[in-house]
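> Take a look at this one; I'll ask things after.
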Amino acid sequence: MSERILVFYGSYRSDRMGIRLAHYCVRTLQARGVDAELIDAKAVDLPMLDRMYKEYPKGQAPEAMEALAGKIRGADGFVFVTGEYNWGMQPGLKNLTDHFLEEWFWRPAGVLSYSAGRLGGARANVAWHGTLSEMGMVVISSTVEVGPIAKTLDDQGQPVDAAGESLERSFARFADDLAWWTEAARLQRERRATPY
């Protein structure tokens, strides 16, 4: 059975560089036989958090929120592709994730971060680990930091030069670890009586 992985990306900026990494992630996972789908927070365009999905009466959540809740519940795992804003989290991605809670439970998550600088969004990467754990996900220890992103991936999300080769090596390990945890979590969920 093919793993179902949702790849979340959260920049709302007009000149989004991180979308290169999101596309690279989806394409590379698909080449490994994974059923990977990009969830772009800007395209989903949920409002600033007022009510969580669970706070709506059944069947009354906004259509985009309802559709995304179903995708999250149907996924085996998640990848969060995040930029670093002032040493912190990307607000668009954080807003999207905060609309949900139980839907995330008992699934692994991995974090890919990027920046224009050499640290590759490392501070945002670390911040996401605690947040995703609090939301009920098992966050894998493998992470990937990409920076400077413009010197690692071209505008089509293709690796370039030595930085791109380094990304390919680190992403392979990341994807292996995510696959291990995805299988382990799926087996455990199948043993549980709860509908997560």
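Every chain in the structure tokens takes a letter, A first, then B, and so on in the order presented; its residues are numbered from 1, and the ligands are numbered from 1 following the presented order.
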For A:Pro148, list every protein, DNA or RNA residue within 6 Å, evaluated using only C-alpha atoms, and leave out those in the same chain fewer than 4 positions away; present the list as an NGL selection string.
:A and (115-118)
> Tell me which protein, DNA and RNA residues are within 10 Å of A:Ala64, counting only C-alpha atoms, leaving out same-chain ones fewer than 3 positions away, and put them as an NGL selection string.
:A and (43-46 or 61 or 67-69)
> Give the strand (DSSP E or B) residues of chain A, as DSSP finds them on the backbone, and put them as an MDAnalysis selection string.
chainID A and resid 4:9 35:40 77:83 85 88 108:114 138:146 153 159
> For A:Asn95, which residue out of A:Met48, A:Ala175, A:Val7, A:Leu167 is the nearest one, using only C-alpha atoms?
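Of A:Met48, A:Ala175, A:Val7, A:Leu167, the one nearest A:Asn95 is A:Met48, counting only C-alpha atoms.
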> Out of stretch 37-181 of chain A, which residues get helix (DSSP H, G or I) from DSSP, as a ChimeraX atom specification?
/A:41-44,53-55,63-74,91-98,102-104,122-134,149-151,161-181
> For A:Ala185, work out the shell of residues within 9 Å, counting only C-alpha atoms and skipping chain neighbours fewer than 5 positions away, then give it as a PyMOL selection string.
chain A and resi 76-77+106-108+138+180+190
> Could those selected residues go to a file with C-alpha atoms, as an mmCIF file, in the first residue's frame?

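Here's the written file selection-v1.cif:
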data_model
loop_
_atom_site.group_PDB
_atom_site.id
_atom_site.type_symbol
_atom_site.label_atom_id
_atom_site.label_comp_id
_atom_site.auth_asym_id
_atom_site.auth_seq_id
_atom_site.Cartn_x
_atom_site.Cartn_y
_atom_site.Cartn_z
ATOM 1 C CA ASP A 76 -0.422 8.615 6.716
ATOM 2 C CA GLY A 77 2.012 11.442 7.437
ATOM 3 C CA TRP A 106 -0.925 9.679 15.717
ATOM 4 C CA ARG A 107 0.786 10.527 12.449
ATOM 5 C CA PRO A 108 4.441 11.316 11.788
ATOM 6 C CA VAL A 138 5.262 12.219 16.069
ATOM 7 C CA TRP A 180 9.733 4.111 8.682
ATOM 8 C CA GLU A 190 -4.943 0.000 12.667
#
> To one decimal in Å, tell me the separation between atom CA of A:Pro62 and atom CA of A:His99.
11.3 Å
> If we count only C-alpha atoms, what is near A:Gly157 at a cut-off of 7 Å, once residues fewer than 2 positions away on the same chain are taken out, given as an mmCIF file with C-alpha atoms, in the first residue's frame?

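What ended up in out_5.cif:
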data_model
loop_
_atom_site.group_PDB
_atom_site.id
_atom_site.type_symbol
_atom_site.label_atom_id
_atom_site.label_comp_id
_atom_site.auth_asym_id
_atom_site.auth_seq_id
_atom_site.Cartn_x
_atom_site.Cartn_y
_atom_site.Cartn_z
ATOM 1 C CA ARG A 20 10.734 25.384 -5.009
ATOM 2 C CA LEU A 21 11.430 23.182 -2.004
ATOM 3 C CA HIS A 23 7.678 21.085 -5.350
ATOM 4 C CA TYR A 24 10.998 19.273 -4.973
ATOM 5 C CA LEU A 153 17.121 24.793 -6.230
ATOM 6 C CA ASP A 154 16.360 26.491 -9.530
ATOM 7 C CA ASP A 155 12.986 28.103 -10.257
ATOM 8 C CA PRO A 159 18.760 20.798 -7.480
#
> Could you give me, as a ChimeraX atom specification, the residues within 12 Å of A:Ile19, counting only C-alpha atoms and dropping anything in the same chain fewer than 2 positions from it?
/A:7-17,21-26,38-42,80-83,112-115,149-150,153-158
> Mind writing the picked residues with N, CA and C atoms as a CSV table (one decimal), in the first residue's frame?

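Written file, part-v4.csv:
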chain,number,residue,atom,x,y,z
A,7,VAL,N,2.1,17.4,1.9
A,7,VAL,CA,3.2,18.3,2.0
A,7,VAL,C,2.6,19.7,2.1
A,8,PHE,N,2.8,20.4,3.3
A,8,PHE,CA,2.2,21.7,3.6
A,8,PHE,C,3.3,22.8,3.4
A,9,TYR,N,2.8,23.8,2.7
A,9,TYR,CA,3.7,25.0,2.5
A,9,TYR,C,2.9,26.2,2.8
A,10,GLY,N,3.5,27.2,3.4
A,10,GLY,CA,2.7,28.3,4.0
A,10,GLY,C,3.0,29.7,3.7
A,11,SER,N,3.9,30.0,2.7
A,11,SER,CA,4.2,31.4,2.4
A,11,SER,C,3.1,32.1,1.6
A,12,TYR,N,2.8,33.3,1.9
A,12,TYR,CA,1.8,34.1,1.2
A,12,TYR,C,2.5,35.2,0.4
A,13,ARG,N,3.8,35.2,0.4
A,13,ARG,CA,4.5,36.3,-0.3
A,13,ARG,C,4.4,36.2,-1.8
A,14,SER,N,4.5,37.3,-2.5
A,14,SER,CA,4.4,37.3,-4.0
A,14,SER,C,5.5,36.6,-4.7
A,15,ASP,N,6.7,36.7,-4.1
A,15,ASP,CA,7.9,36.1,-4.7
A,15,ASP,C,8.4,35.0,-3.8
A,16,ARG,N,7.6,33.9,-3.9
A,16,ARG,CA,7.8,32.8,-2.9
A,16,ARG,C,9.0,31.9,-3.4
A,17,MET,N,10.0,31.8,-2.7
A,17,MET,CA,11.2,31.0,-3.0
A,17,MET,C,11.0,29.6,-2.5
A,21,LEU,N,11.2,24.3,-2.9
A,21,LEU,CA,11.4,23.2,-2.0
A,21,LEU,C,10.2,22.3,-1.9
A,22,ALA,N,9.0,22.9,-1.8
A,22,ALA,CA,7.8,22.2,-1.7
A,22,ALA,C,7.6,21.3,-2.9
A,23,HIS,N,7.8,21.9,-4.1
A,23,HIS,CA,7.7,21.1,-5.4
A,23,HIS,C,8.7,20.0,-5.4
A,24,TYR,N,9.9,20.3,-5.0
A,24,TYR,CA,11.0,19.3,-5.0
A,24,TYR,C,10.6,18.1,-4.1
A,25,CYS,N,10.1,18.4,-2.9
A,25,CYS,CA,9.6,17.4,-1.9
A,25,CYS,C,8.6,16.5,-2.5
A,26,VAL,N,7.5,17.1,-3.1
A,26,VAL,CA,6.4,16.3,-3.6
A,26,VAL,C,6.9,15.4,-4.8
A,38,LEU,N,0.7,18.4,-2.5
A,38,LEU,CA,1.0,19.7,-2.0
A,38,LEU,C,-0.2,20.3,-1.5
A,39,ILE,N,-0.2,20.8,-0.3
A,39,ILE,CA,-1.2,21.7,0.3
A,39,ILE,C,-0.6,23.0,0.5
A,40,ASP,N,-1.0,24.0,-0.3
A,40,ASP,CA,-0.5,25.3,-0.3
A,40,ASP,C,-1.5,26.2,0.5
A,41,ALA,N,-1.0,26.7,1.7
A,41,ALA,CA,-1.9,27.5,2.5
A,41,ALA,C,-2.4,28.7,1.8
A,42,LYS,N,-1.7,29.3,0.9
A,42,LYS,CA,-2.2,30.5,0.2
A,42,LYS,C,-3.3,30.1,-0.7
A,80,PHE,N,6.1,19.4,6.6
A,80,PHE,CA,5.9,20.9,6.7
A,80,PHE,C,7.1,21.6,6.1
A,81,VAL,N,6.9,22.3,5.0
A,81,VAL,CA,8.0,23.1,4.4
A,81,VAL,C,7.8,24.5,4.8
A,82,THR,N,8.8,25.0,5.6
A,82,THR,CA,8.6,26.3,6.2
A,82,THR,C,9.8,27.2,6.0
A,83,GLY,N,9.5,28.5,5.8
A,83,GLY,CA,10.5,29.5,5.9
A,83,GLY,C,10.7,30.0,7.3
A,112,LEU,N,10.9,20.5,6.8
A,112,LEU,CA,11.9,21.0,5.8
A,112,LEU,C,11.9,22.5,6.0
A,113,SER,N,13.0,23.1,6.2
A,113,SER,CA,13.1,24.6,6.3
A,113,SER,C,14.0,25.2,5.3
A,114,TYR,N,13.8,26.4,5.0
A,114,TYR,CA,14.7,27.1,4.0
A,114,TYR,C,14.8,28.6,4.4
A,115,SER,N,15.8,29.2,3.9
A,115,SER,CA,15.9,30.7,4.0
A,115,SER,C,16.8,31.2,2.9
A,149,ILE,N,18.4,29.2,-0.4
A,149,ILE,CA,17.6,28.4,-1.3
A,149,ILE,C,17.8,28.7,-2.8
A,150,ALA,N,18.1,29.9,-3.1
A,150,ALA,CA,18.3,30.3,-4.5
A,150,ALA,C,19.5,29.6,-5.1
A,153,LEU,N,18.2,25.3,-5.3
A,153,LEU,CA,17.1,24.8,-6.2
A,153,LEU,C,16.8,25.9,-7.3
A,154,ASP,N,16.7,25.5,-8.5
A,154,ASP,CA,16.4,26.5,-9.5
A,154,ASP,C,14.9,26.8,-9.5
A,155,ASP,N,14.4,27.7,-10.4
A,155,ASP,CA,13.0,28.1,-10.3
A,155,ASP,C,12.0,27.0,-10.6
A,156,GLN,N,12.5,25.9,-11.1
A,156,GLN,CA,11.6,24.7,-11.3
A,156,GLN,C,11.7,23.7,-10.1
A,157,GLY,N,12.5,24.0,-9.1
A,157,GLY,CA,12.7,23.1,-8.0
A,157,GLY,C,13.7,22.0,-8.3
A,158,GLN,N,14.5,22.2,-9.2
A,158,GLN,CA,15.6,21.2,-9.5
A,158,GLN,C,16.9,21.6,-8.8
